[in-house]
Structure formats: structure tokens, C-alpha cells
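**Q** Got a structure for you, written out below as C-alpha cells; questions coming shortly.
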Amino acid sequence: MDGAKQRRAQLGVFVLRLFPTIVQLILKYYIAPVRLKRMFLDKTLKKQLKKQLTDVDTGLMKMLPNMDDFTIEICYKILRFEELIKEPKCKWGNIPHETEIDIADDIQRIINASNEVITKKSEEITQIVHESFDANVKRIIERVDAYLYGDTCQQSYQNLHIQQIAVSELLEILEEIKQKHPIEGKILKQNQSTKNKNAV
């Protein structure tokens with residue numbers, strides 16, 4: 001396995017394992033899973049959120065109060081369209097400036113970073129790109145942990161580094177996600193047309 005594929009797989013671990021954990025923690029901080037389940041069953045979710053939910057999302061909602069399989073996308077949709085958090089300063093779908101470090105800004109960074117890994121080819125993941133991405137992820141988890149008054153994100157990050165990575169399997173999953181629907185196509189389009197060091 002060449003180094004480029006190995007690096008992309010390592011970043012894929014963030015997208016498939018670490019980032020969902022982070023956004024799940026943020027969602028639970030803003031709304032109790034039991035309350036969210038009651039809103040879903042009572043059909044009191046905001047109309048805008050209902051429009052955004054896919055069949056896959058609805059299936060995940062039916063699993064509440066268990067959120068273990070909640071994706072980045074469904075957590076984002078709930079946080080945004082239920083208006084549980086304020087919009088990032090840069091507005092949803094854009095690239096936050098490095099001085100914008102509210103929780104919503106970091107959620108947007110997670111979405112942007114996920115799309116970056118999903119859409120980049122392995123040969124585009126140079127060692128410099130990999131190191132920069134990793135450094136930015138560390139900054140995100142440090143801020144989120146501070147915001148949530150804990151260290152769960154840091155622990156999850158550390159645990160990833162002691163797990164074996166199935167490179168081929170991870171790359172296949174990333175390609176499947178790319179073919180189906182990258183997180184928020186509008187954001188993906190902006191990512192592809194915008195080169196900015198603050199993308200993460």
C-alpha cells in the first residue's frame with residue numbers, strides 16, 4: 001500500500017469515526033436524546049428540518065434515544081434546522097476565518113474537512129496536507145472539549161491512534177460516500193472552488 005493511500009485512509013478515520021463522535025457530543029449537549037425522540041414521535045420537529053430528513057435520516061431518528069450511528073450530516077441538520085445553535089459567523093456553507101472559533105464555526109469546519117477528504121484523490125494527500133489536516137483537527141477537538149467541559153474528543157482522538165486501520169476498506173467506504181452524496185453538496189461545491197488554508 002503506497003503512502004498516499006495510507007495517508008488518505010488515516011484522514012478517512014477522522015471522517016468516519018472521530019467527526020461523528022464529536023458532532024454527536026455537541027448535539028447531546030444541546031438536546032437530550034429522549035427529548036429529541038419525543039419531538040420526532042410527536043411530529044413537533046420544525047418544518048424545515050422535516051424537509052431535510054432523508055429516508056436514512058428518518059431510520060436513524062427511529063433508533064433514538066440511541067445516537068451511536070448518527071452521522072455528521074443528521075447531527076448538523078438537527079442543530080441547524082431546529083435552531084439549537086447560532087449560525088456560524090461565516091454563514092452555513094462557507095469557510096470560517098481562523099479567528100472565528102465558536103462551536104458552529106467548528107461544526108462547519110468538520111463538514112468542510114469531511115468533504116475535502118471524501119473528494120480528494122489519494123495522490124493529492126501529500127505529507128504536508130496530512131500534517132496540516134491533523135494539526136487543524138487537534139485545534140478543533142481542543143476547542144470542542146473546552147466548550148463541553150470535558151475531554152471525550154481528545155480521548156477519542158487518542159484511541160484512533162492505537163487502532164489498526166483497514167486501508168482498503170476505508171478507501172472503499174470513502175468512494176461510496178463520494179458517489180452517493182457528499183455532506184451538503186453546496187458546501188462541497190464551494191470547497192472545490194475555494195483554496196483556503198482555513199478550510200479545517
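Here, A, B, ... name the chains of the C-alpha cells in the order displayed, residue numbers run from 1 inside each chain, and ligands are numbered from 1 in the same displayed order.
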Residues of stretch 5-168 of chain A classed as helix (DSSP H, G or I) by DSSP on the backbone are to be reported as a PyMOL selection string.
**A** chain A and resi 5-30+33-41+47-52+55-61+72-81+103-119+122-124+127-148+152-160+167-168
**Q** For stretch 147-162 of chain A, please output as a count of residues only all residues within 12 Å (counting only C-alpha atoms; exclusion window: fewer than 5 positions along the same chain).
**A** 34
**Q** One decimal, in Å: what's the spacing between atom CA of A:Pro65 and atom CA of A:Lys37?
**A**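 So the answer is 6.1 Å.
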**Q** To one decimal place, how far is atom CA of A:Glu172 from atom CA of A:Ala9 in Å?
**A** 9.6 Å
**Q** Do you know which residues are at most 10 Å from A:Ala166 counting only C-alpha atoms, after dropping those on the same chain fewer than 2 positions away, and could you put them as a list in words?
**A** Gln6, Ala9, Gln10, Val13, Gln163, Gln164, Ser168, Glu169, Leu170 and Leu171 of chain A
**Q** Determine, counting only C-alpha atoms, which protein, DNA and RNA residues have an atom within 12 Å of an atom of A:Val56; residues of the same chain fewer than 6 positions away are not included. Present the result as a PyMOL selection string.
**A** chain A and resi 62-63+69-71+73-74
**Q** For a test of reading the model, state the distance in Å between atom CA of A:Glu123 and atom CA of A:Pro96, rounded to one decimal.
**A**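 Separating atom CA of A:Glu123 from atom CA of A:Pro96 is a distance of 26.1 Å.
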**Q** Using only C-alpha atoms, pick whichever of A:Gln48, A:Thr54, A:Ser132, A:Ser122 has the shortest atom-to-atom distance to A:Arg80.
**A**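 Of the candidates, the smallest distance to A:Arg80 is held by A:Gln48.
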